[in-house]
Structure formats: C-alpha cells, structure tokens
Amino acid sequence: MENALEGTVALVTGASSGIGEATARSLAGRGAAVAVAARRKDRLDTLVTAIEADGGRALAIEADVTDQEQARGAVERAVAELGSLDTVINNAGVMLLGPIVDAPTEEWERMVALNVNGLLYVSHAALPHLTRAAEEGRRRVADLVNVSSVAGRRANSGSGVYNATKFGVNAFSESLRQEVTERHVRVSLVEPGAVETELTDHLRPEIRDQLRSGFDFERLHAGDIADAIAYIVTRARHIAINEILIRPTEQVR
Ligand SMILES: NC(=O)c1ccc[n+]([C@@H]2O[C@H](COP(=O)([O-])OP(=O)(O)OC[C@H]3O[C@@H](n4cnc5c(N)ncnc54)[C@H](OP(=O)(O)O)[C@@H]3O)[C@@H](O)[C@H]2O)c1
C-alpha cells in the first residue's frame, strides 16, 4: 500500500501529539499531502519538518476547532494551499473523566465543545470538498474518519460525559454514513481502548491516579491506531470499513 494516497490531500485535527501526530506521519508516508491542525503551532512545525525530511508534503494550521470560524478556516486553508481534500481525520479530543455528581461543569463544556462541536464544525466545512474529491479526485472516493473511543460503545461509572460525547460521535457518524455513502464519501469510526498518549495529562490528579490503578497493563501505541486509520483510507473504492474497535489485549472493559 506504499504511496496508495499519492495525489490526495488529508487533514488531521489534533495532530500536535498522540494519535493525530502518528496518523499524519502515516498518511504522509503513503503519499498524501497532509494538513496538520491543532493549537500548539510549535509542535505542528516540528511535525511538518519531520514529514518533509522524509520526503513528504505537509502544512501546519494553527486552529482551535471549538471555534466554528477557525474550524472552517482550517478546512479552507488546507484546500486552498494543498489543492483538494480527499481525507479528513477528526481526531482532536479531550477526556476529562470523573463522577457526574459534583463534577466541575467547566470540564463538561470543554469535552462537548471539542469532542462534539469541533468534530461537527470540521465535518460540515469539509463535506462539500470530500464530495467533490469523490466525484473528481484521482481515487474517486473520499474518507471522513471520526476518532471515537471504546467509551462510545460502552458507558461506565466515572466517564459519563466523555461517554455522552463519544456516543454522540458514533450516532452522528452512522447517520452521516447513510447520507453520503452512495456518493462514495466513506464515513468511518475508530474506537480505541487505552492508548499511551498525552490524553490523561489533562485529568485532575486524583482521577489520574484512580485511572492508572485500573489500567495496569501494556497500552496501545499511537501508531497502532494510525495503522488502523491507514487501513481504512487505503481500501479500494468499493470497500467501506465502517467501524474498528481496538483494545489492548489485556483491557477487559
Ligand atoms: N489515548 C487514549 O487512550 C484514547 C482512547 C480512545 C480514544 N481516544 C481519542 O483519540 C483522540 C486523540 O487523543 P490522543 O490520545 O492522541 O490525545 P492527545 O495526545 O492529548 O491529543 C489530543 C489532540 O487534540 C488537540 N486539541 C485539543 N484541543 C483542541 C482544540 N480546541 N482545537 C484543535 N485541537 C485540539 C491537541 O492539540 P493542541 O493542544 O495543540 O490543540 C492534541 O493534538 C481523542 O479524540 C481521544 O478522545 C484516545
């Protein structure tokens, strides 16, 4: 599948670390020109330099996708500077776990703003371009991959609002899939279990300690999820991988 994405353009949100960064490298390694979006511009610049050093093409786009104008601006800049938009990886997300009772509701607002609204804004802005790529692009198929979570499939005590956002992502993705699949825009869900990234750095310390004691096993690596995403977006035009749920082998729930 080397260079399967030659001549295509991808946008990856949340590409300054973790799964998004690994995915951007992976798509660039398969020949896509990759627009990498997040708030930390210095991290994006370092990633672009690394991709270019490996012979790839990349563009850093500083954007806070919780702001609709910035989300739309990121999509439009990717198209304007790289020429089209064939692949979108809606990956930016935040996981602020903890009990619902007495929760700081500011954490809920941050999760809904990014995991739901940010993903909706990017999708809305990208769909006309994805539809055009499916009609006119080299591969005549386009991909919108939404990074959900095992938390989008199974609710647990202590993750209620994160569950709500990811269940929401799953519902939106299935509805949109039905709407656009006959136009060869494939909408896919990737649902990771525990992956070793910066995601847990944003938890309150007491919640992080509790989580660590419950996840005392080898976690997935960001590259494991990037591999799954690469598999989805490199399939032939008649194959749509709708959903991939990936847990570390030792993760029970
Ligand atoms: N790690 C896991 O165990 C796990 C499991 C299941 C699902 N997931 C999902 O995987 C996705 C990626 O998470 P990760 O594990 O790779 O964590 P991560 O390393 O913390 O990455 C999160 C990314 O989102 C970006 N981001 C945060 N706020 C943003 C905003 N307002 N606008 C644009 N970008 C923003 C961050 O960049 P900036 O801070 O620079 O903006 C960062 O690049 C998330 O949707 C998460 O829910 C992760």
# chains A, B, ... in the order shown; residues from 1 in each chain; ligands from 1
call {"tool": "residues_around", "arguments": {"residues": "region 28-45 of chain A", "least_positions_apart": "3", "cutoff": "9 Å", "atoms": "only C-alpha atoms", "output": "mmCIF file with C-alpha atoms, in the first residue's frame"}}
result
data_model
loop_
_atom_site.group_PDB
_atom_site.id
_atom_site.type_symbol
_atom_site.label_atom_id
_atom_site.label_comp_id
_atom_site.auth_asym_id
_atom_site.auth_seq_id
_atom_site.Cartn_x
_atom_site.Cartn_y
_atom_site.Cartn_z
ATOM 1 C CA MET A 1 0.000 0.000 0.000
ATOM 2 C CA GLU A 2 3.046 2.277 -0.229
ATOM 3 C CA ASN A 3 2.000 5.540 -1.959
ATOM 4 C CA ALA A 4 -1.654 4.465 -2.115
ATOM 5 C CA LEU A 5 -2.576 8.058 -1.245
ATOM 6 C CA GLU A 6 -0.316 9.742 -3.822
ATOM 7 C CA GLY A 7 -2.054 12.803 -5.292
ATOM 8 C CA THR A 8 -4.516 13.134 -2.400
ATOM 9 C CA VAL A 9 -4.796 15.643 0.439
ATOM 10 C CA ALA A 10 -5.589 14.801 4.062
ATOM 11 C CA LEU A 11 -6.488 16.992 7.036
ATOM 12 C CA VAL A 12 -5.753 15.640 10.517
ATOM 13 C CA THR A 13 -7.085 17.517 13.547
ATOM 14 C CA GLY A 14 -5.323 17.200 16.889
ATOM 15 C CA ALA A 15 -2.092 16.420 15.057
ATOM 16 C CA SER A 16 0.264 18.061 17.563
ATOM 17 C CA SER A 17 0.527 14.881 19.664
ATOM 18 C CA GLY A 20 -3.165 12.587 15.372
ATOM 19 C CA GLU A 21 0.589 13.055 15.052
ATOM 20 C CA THR A 23 -1.675 9.378 11.785
ATOM 21 C CA ALA A 24 -0.301 12.424 9.976
ATOM 22 C CA ARG A 25 3.095 10.711 9.635
ATOM 23 C CA VAL A 48 5.932 19.318 9.291
ATOM 24 C CA THR A 49 9.743 19.487 9.314
ATOM 25 C CA ALA A 50 9.936 15.751 10.115
ATOM 26 C CA ILE A 51 7.455 14.822 7.367
ATOM 27 C CA ASP A 54 11.144 12.055 4.990
ATOM 28 C CA GLY A 55 10.210 13.350 1.524
ATOM 29 C CA GLY A 56 6.567 14.137 2.306
ATOM 30 C CA ARG A 57 4.462 17.270 1.989
ATOM 31 C CA ALA A 58 2.737 18.891 4.984
ATOM 32 C CA LEU A 59 1.174 22.157 6.107
ATOM 33 C CA ALA A 60 0.826 23.373 9.704
ATOM 34 C CA ILE A 61 -2.510 25.030 10.504
ATOM 35 C CA GLU A 62 -2.898 26.627 13.910
ATOM 36 C CA ALA A 63 -6.581 26.308 14.794
ATOM 37 C CA ASP A 64 -8.871 25.866 17.761
ATOM 38 C CA VAL A 65 -11.629 23.764 16.211
ATOM 39 C CA ALA A 74 -8.587 25.203 8.741
ATOM 40 C CA VAL A 75 -10.535 23.237 6.140
ATOM 41 C CA ARG A 77 -6.765 26.677 4.094
ATOM 42 C CA ALA A 78 -5.973 23.011 3.522
ATOM 43 C CA LEU A 82 -2.812 21.859 -0.962
ATOM 44 C CA THR A 87 -9.389 12.579 3.589
ATOM 45 C CA ALA A 92 -8.914 16.232 18.230
ATOM 46 C CA ALA A 230 -4.322 3.942 7.254
ATOM 47 C CA THR A 234 -6.326 2.947 1.642
#
call {"tool": "select_by_dssp", "arguments": {"residues": "region 48-142 of chain A", "states": "helix (DSSP H, G or I)", "output": "number ranges by chain"}}
result
A: 48-53, 68-82, 105-136
call {"tool": "select_by_dssp", "arguments": {"residues": "region 66-162 of chain A", "states": "strand (DSSP E)", "output": "PyMOL selection string"}}
result
chain A and resi 87-90+142-147
call {"tool": "residues_around", "arguments": {"residues": "Asn242 (chain A)", "least_positions_apart": "4", "cutoff": "7 Å", "atoms": "only C-alpha atoms", "output": "PyMOL selection string"}}
result
chain A and resi 187-189
call {"tool": "atom_distance", "arguments": {"atom1": "CA of Val252 (chain A)", "atom2": "CA of Ala222 (chain A)"}}
result
19.5 Å
call {"tool": "residues_around", "arguments": {"residues": "Asn170 (chain A)", "least_positions_apart": "6", "cutoff": "12 Å", "atoms": "only C-alpha atoms", "output": "number ranges by chain"}}
result
A: 115-116, 119-120, 145-154, 163-164, 176-177, 187-191, 242-245
call {"tool": "write_last_selection", "arguments": {"atoms": "N, CA, C and O atoms", "output": "CSV table (one decimal), in the first residue's frame"}}
result
chain,number,residue,atom,x,y,z
A,115,ASN,N,-15.1,17.5,21.5
A,115,ASN,CA,-15.4,16.2,21.0
A,115,ASN,C,-16.6,16.2,20.1
A,115,ASN,O,-16.7,15.4,19.2
A,116,VAL,N,-17.6,17.0,20.4
A,116,VAL,CA,-18.8,17.1,19.6
A,116,VAL,C,-18.8,18.3,18.7
A,116,VAL,O,-18.7,18.1,17.5
A,119,LEU,N,-15.9,18.5,16.1
A,119,LEU,CA,-16.0,17.5,15.1
A,119,LEU,C,-17.1,17.8,14.1
A,119,LEU,O,-17.0,17.6,12.9
A,120,LEU,N,-18.2,18.4,14.6
A,120,LEU,CA,-19.3,18.7,13.7
A,120,LEU,C,-18.9,19.9,12.8
A,120,LEU,O,-19.2,19.9,11.6
A,145,VAL,N,-12.9,10.1,8.7
A,145,VAL,CA,-12.7,9.1,9.8
A,145,VAL,C,-12.9,9.9,11.1
A,145,VAL,O,-12.2,10.9,11.4
A,146,ASN,N,-13.8,9.4,11.9
A,146,ASN,CA,-14.0,10.0,13.2
A,146,ASN,C,-13.4,9.2,14.3
A,146,ASN,O,-13.7,8.0,14.4
A,147,VAL,N,-12.5,9.8,15.1
A,147,VAL,CA,-11.9,9.0,16.2
A,147,VAL,C,-12.8,9.1,17.4
A,147,VAL,O,-12.9,10.2,18.0
A,148,SER,N,-13.5,8.0,17.7
A,148,SER,CA,-14.3,7.9,18.8
A,148,SER,C,-13.6,7.2,19.9
A,148,SER,O,-12.4,7.6,20.2
A,149,SER,N,-14.1,6.2,20.5
A,149,SER,CA,-13.5,5.5,21.7
A,149,SER,C,-14.3,4.3,22.0
A,149,SER,O,-15.5,4.2,21.7
A,150,VAL,N,-13.7,3.4,22.7
A,150,VAL,CA,-14.4,2.3,23.3
A,150,VAL,C,-15.5,2.9,24.2
A,150,VAL,O,-16.6,2.4,24.4
A,151,ALA,N,-15.2,4.1,24.7
A,151,ALA,CA,-16.2,4.9,25.5
A,151,ALA,C,-17.4,5.3,24.7
A,151,ALA,O,-18.4,5.8,25.3
A,152,GLY,N,-17.3,5.2,23.4
A,152,GLY,CA,-18.5,5.5,22.5
A,152,GLY,C,-19.4,4.3,22.3
A,152,GLY,O,-20.4,4.3,21.7
A,153,ARG,N,-18.9,3.1,22.8
A,153,ARG,CA,-19.6,1.9,22.7
A,153,ARG,C,-20.2,1.4,24.0
A,153,ARG,O,-21.1,0.6,24.1
A,154,ARG,N,-19.5,1.8,25.1
A,154,ARG,CA,-19.8,1.2,26.4
A,154,ARG,C,-19.7,2.3,27.5
A,154,ARG,O,-18.6,2.9,27.6
A,163,ASN,N,-18.4,9.6,27.8
A,163,ASN,CA,-19.3,8.6,27.2
A,163,ASN,C,-20.3,9.3,26.3
A,163,ASN,O,-20.5,9.0,25.1
A,164,ALA,N,-21.0,10.4,26.9
A,164,ALA,CA,-22.0,11.1,26.1
A,164,ALA,C,-21.5,11.7,24.8
A,164,ALA,O,-22.1,11.6,23.8
A,176,LEU,N,-24.5,10.2,9.2
A,176,LEU,CA,-23.9,10.8,8.0
A,176,LEU,C,-23.4,9.7,7.0
A,176,LEU,O,-23.5,9.9,5.8
A,177,ARG,N,-23.0,8.5,7.6
A,177,ARG,CA,-22.6,7.5,6.7
A,177,ARG,C,-23.7,7.1,5.7
A,177,ARG,O,-23.5,7.0,4.5
A,187,VAL,N,-17.7,7.2,5.6
A,187,VAL,CA,-17.6,7.7,7.0
A,187,VAL,C,-17.3,6.6,7.9
A,187,VAL,O,-18.0,5.6,7.9
A,188,SER,N,-16.2,6.7,8.6
A,188,SER,CA,-15.7,5.6,9.4
A,188,SER,C,-15.5,6.0,10.9
A,188,SER,O,-15.2,7.1,11.2
A,189,LEU,N,-15.6,5.0,11.7
A,189,LEU,CA,-15.4,5.2,13.2
A,189,LEU,C,-14.2,4.4,13.6
A,189,LEU,O,-14.2,3.2,13.3
A,190,VAL,N,-13.3,5.0,14.4
A,190,VAL,CA,-12.3,4.3,15.0
A,190,VAL,C,-12.4,4.4,16.5
A,190,VAL,O,-12.6,5.5,17.0
A,191,GLU,N,-12.5,3.3,17.2
A,191,GLU,CA,-12.8,3.3,18.7
A,191,GLU,C,-11.7,2.7,19.5
A,191,GLU,O,-11.7,1.5,19.7
A,242,ASN,N,-16.5,0.5,8.0
A,242,ASN,CA,-17.4,1.4,8.8
A,242,ASN,C,-16.9,1.7,10.2
A,242,ASN,O,-17.1,2.8,10.7
A,243,GLU,N,-16.3,0.7,10.8
A,243,GLU,CA,-16.0,0.8,12.3
A,243,GLU,C,-14.9,-0.1,12.7
A,243,GLU,O,-14.9,-1.3,12.3
A,244,ILE,N,-14.0,0.4,13.5
A,244,ILE,CA,-12.9,-0.5,14.0
A,244,ILE,C,-12.8,-0.2,15.5
A,244,ILE,O,-12.5,0.9,15.9
A,245,LEU,N,-13.0,-1.2,16.4
A,245,LEU,CA,-12.9,-1.1,17.8
A,245,LEU,C,-11.6,-1.9,18.2
A,245,LEU,O,-11.4,-3.0,17.9
call {"tool": "atom_distance", "arguments": {"atom1": "CA of Ala226 (chain A)", "atom2": "CA of Gly137 (chain A)"}}
result
23.2 Å
call {"tool": "residues_around", "arguments": {"residues": "Ala142 (chain A)", "least_positions_apart": "5", "cutoff": "9 Å", "atoms": "only C-alpha atoms", "output": "VMD selection string"}}
result
chain A and resid 85 to 88 130 to 135 137 184 to 187 233 237
call {"tool": "write_last_selection", "arguments": {"atoms": "all heavy atoms", "output": "CSV table (one decimal), in the first residue's frame"}}
result
chain,number,residue,atom,x,y,z
A,85,LEU,N,-9.3,18.2,-1.0
A,85,LEU,CA,-9.5,17.5,0.3
A,85,LEU,C,-10.1,16.1,0.1
A,85,LEU,O,-11.3,16.1,-0.3
A,85,LEU,CB,-10.3,18.4,1.3
A,85,LEU,CG,-10.2,17.9,2.7
A,85,LEU,CD1,-8.8,17.8,3.3
A,85,LEU,CD2,-11.1,18.8,3.6
A,86,ASP,N,-9.3,15.1,0.2
A,86,ASP,CA,-9.8,13.7,0.0
A,86,ASP,C,-10.1,13.0,1.3
A,86,ASP,O,-10.8,12.0,1.3
A,86,ASP,CB,-8.7,12.9,-0.8
A,86,ASP,CG,-8.4,13.6,-2.1
A,86,ASP,OD1,-7.6,14.6,-2.0
A,86,ASP,OD2,-8.9,13.3,-3.2
A,87,THR,N,-9.4,13.4,2.4
A,87,THR,CA,-9.4,12.6,3.6
A,87,THR,C,-9.4,13.5,4.8
A,87,THR,O,-8.6,14.4,4.8
A,87,THR,CB,-8.1,11.7,3.7
A,87,THR,OG1,-8.0,11.0,2.5
A,87,THR,CG2,-8.1,10.8,4.9
A,88,VAL,N,-10.3,13.3,5.7
A,88,VAL,CA,-10.4,14.1,6.9
A,88,VAL,C,-10.3,13.1,8.1
A,88,VAL,O,-11.1,12.2,8.2
A,88,VAL,CB,-11.6,15.0,7.0
A,88,VAL,CG1,-11.7,15.6,8.4
A,88,VAL,CG2,-11.5,16.1,5.9
A,130,LEU,N,-15.1,17.0,0.3
A,130,LEU,CA,-15.0,15.5,0.2
A,130,LEU,C,-15.9,15.0,-0.9
A,130,LEU,O,-15.5,14.1,-1.7
A,130,LEU,CB,-15.4,14.9,1.5
A,130,LEU,CG,-14.4,15.2,2.7
A,130,LEU,CD1,-15.0,14.6,4.0
A,130,LEU,CD2,-13.0,14.6,2.5
A,131,THR,N,-17.1,15.5,-1.1
A,131,THR,CA,-18.0,15.1,-2.1
A,131,THR,C,-17.3,15.4,-3.5
A,131,THR,O,-17.4,14.5,-4.4
A,131,THR,CB,-19.3,15.9,-2.0
A,131,THR,OG1,-19.8,15.7,-0.7
A,131,THR,CG2,-20.3,15.4,-3.0
A,132,ARG,N,-16.7,16.5,-3.6
A,132,ARG,CA,-16.1,16.9,-4.9
A,132,ARG,C,-14.9,15.9,-5.2
A,132,ARG,O,-14.7,15.4,-6.3
A,132,ARG,CB,-15.5,18.3,-4.9
A,132,ARG,CG,-15.1,18.8,-6.3
A,132,ARG,CD,-14.8,20.3,-6.3
A,132,ARG,NE,-15.7,21.0,-5.5
A,132,ARG,CZ,-15.4,21.8,-4.5
A,132,ARG,NH1,-14.1,21.9,-4.1
A,132,ARG,NH2,-16.3,22.5,-3.8
A,133,ALA,N,-14.1,15.6,-4.1
A,133,ALA,CA,-13.0,14.6,-4.3
A,133,ALA,C,-13.5,13.3,-4.8
A,133,ALA,O,-12.9,12.6,-5.6
A,133,ALA,CB,-12.2,14.5,-3.0
A,134,ALA,N,-14.7,12.9,-4.2
A,134,ALA,CA,-15.2,11.6,-4.6
A,134,ALA,C,-15.7,11.6,-6.0
A,134,ALA,O,-15.7,10.5,-6.7
A,134,ALA,CB,-16.4,11.2,-3.6
A,135,GLU,N,-16.1,12.7,-6.5
A,135,GLU,CA,-16.6,12.8,-7.9
A,135,GLU,C,-15.4,13.0,-8.9
A,135,GLU,O,-15.4,12.4,-9.9
A,135,GLU,CB,-17.5,14.0,-8.0
A,135,GLU,CG,-18.9,13.8,-7.5
A,135,GLU,CD,-19.7,15.1,-7.4
A,135,GLU,OE1,-19.2,16.2,-7.8
A,135,GLU,OE2,-20.8,15.0,-6.8
A,137,GLY,N,-11.7,13.4,-7.9
A,137,GLY,CA,-10.4,13.1,-7.4
A,137,GLY,C,-9.8,11.9,-8.1
A,137,GLY,O,-10.5,11.1,-8.7
A,184,HIS,N,-19.9,7.9,-2.5
A,184,HIS,CA,-18.6,7.5,-2.3
A,184,HIS,C,-17.8,8.3,-1.4
A,184,HIS,O,-16.6,8.5,-1.5
A,184,HIS,CB,-17.8,7.3,-3.7
A,184,HIS,CG,-18.3,6.1,-4.4
A,184,HIS,ND1,-19.3,6.2,-5.4
A,184,HIS,CD2,-18.0,4.8,-4.3
A,184,HIS,CE1,-19.6,5.0,-5.8
A,184,HIS,NE2,-18.8,4.1,-5.2
A,185,VAL,N,-18.5,8.9,-0.4
A,185,VAL,CA,-17.8,9.5,0.7
A,185,VAL,C,-18.0,8.5,1.9
A,185,VAL,O,-19.1,8.3,2.3
A,185,VAL,CB,-18.4,10.9,1.1
A,185,VAL,CG1,-17.7,11.4,2.4
A,185,VAL,CG2,-18.3,11.9,0.0
A,186,ARG,N,-16.9,7.9,2.3
A,186,ARG,CA,-17.0,6.9,3.3
A,186,ARG,C,-16.8,7.5,4.7
A,186,ARG,O,-15.9,8.3,4.9
A,186,ARG,CB,-15.9,5.8,3.1
A,186,ARG,CG,-15.9,5.2,1.7
A,186,ARG,CD,-14.8,4.1,1.6
A,186,ARG,NE,-13.5,4.6,1.5
A,186,ARG,CZ,-12.5,4.0,0.9
A,186,ARG,NH1,-12.7,2.8,0.3
A,186,ARG,NH2,-11.3,4.5,0.9
A,187,VAL,N,-17.7,7.2,5.6
A,187,VAL,CA,-17.6,7.7,7.0
A,187,VAL,C,-17.3,6.6,7.9
A,187,VAL,O,-18.0,5.6,7.9
A,187,VAL,CB,-18.9,8.4,7.4
A,187,VAL,CG1,-18.8,9.0,8.8
A,187,VAL,CG2,-19.3,9.5,6.4
A,233,VAL,N,-8.4,4.1,5.1
A,233,VAL,CA,-8.4,5.1,4.0
A,233,VAL,C,-7.7,4.6,2.8
A,233,VAL,O,-7.7,5.3,1.7
A,233,VAL,CB,-7.9,6.5,4.5
A,233,VAL,CG1,-8.7,7.0,5.6
A,233,VAL,CG2,-6.4,6.4,4.8
A,237,ARG,N,-12.1,1.5,-3.7
A,237,ARG,CA,-13.3,2.3,-3.8
A,237,ARG,C,-14.5,1.6,-3.4
A,237,ARG,O,-15.5,2.2,-2.8
A,237,ARG,CB,-13.4,2.9,-5.2
A,237,ARG,CG,-14.5,3.9,-5.4
A,237,ARG,CD,-14.4,4.5,-6.8
A,237,ARG,NE,-15.4,5.5,-7.0
A,237,ARG,CZ,-16.5,5.3,-7.7
A,237,ARG,NH1,-16.7,4.1,-8.3
A,237,ARG,NH2,-17.3,6.3,-7.9
call {"tool": "residues_around", "arguments": {"residues": "Met95 (chain A)", "least_positions_apart": "5", "cutoff": "9 Å", "atoms": "only C-alpha atoms", "output": "list in words"}}
result
Glu107, Met111, Asn115, Ser159, Tyr162, Leu199, Thr200, His202 and Leu203 of chain A
call {"tool": "atom_distance", "arguments": {"atom1": "CA of Asp201 (chain A)", "atom2": "atom 14 (P, counted along the ligand's line) of ligand 1"}}
result
10.2 Å
call {"tool": "closest_residue", "arguments": {"among": "A:Val195, A:Ala71, A:Val122, A:Leu127", "to": "ligand 1", "atoms": "only C-alpha atoms and all ligand atoms"}}
result
A:Val195
call {"tool": "closest_residue", "arguments": {"among": "A:Ile100, A:Ala171, A:Ala240, A:Ile225", "to": "ligand 1", "atoms": "only C-alpha atoms and all ligand atoms"}}
result
A:Ile225
call {"tool": "closest_residue", "arguments": {"among": "A:Ala126, A:Leu47, A:Ile229, A:Ile19", "to": "ligand 1", "atoms": "only C-alpha atoms and all ligand atoms"}}
result
A:Ile19
call {"tool": "closest_residue", "arguments": {"among": "A:Asp102, A:Pro205, A:Asp224, A:Gln68", "to": "Tyr121 (chain A)", "atoms": "only C-alpha atoms"}}
result
A:Gln68
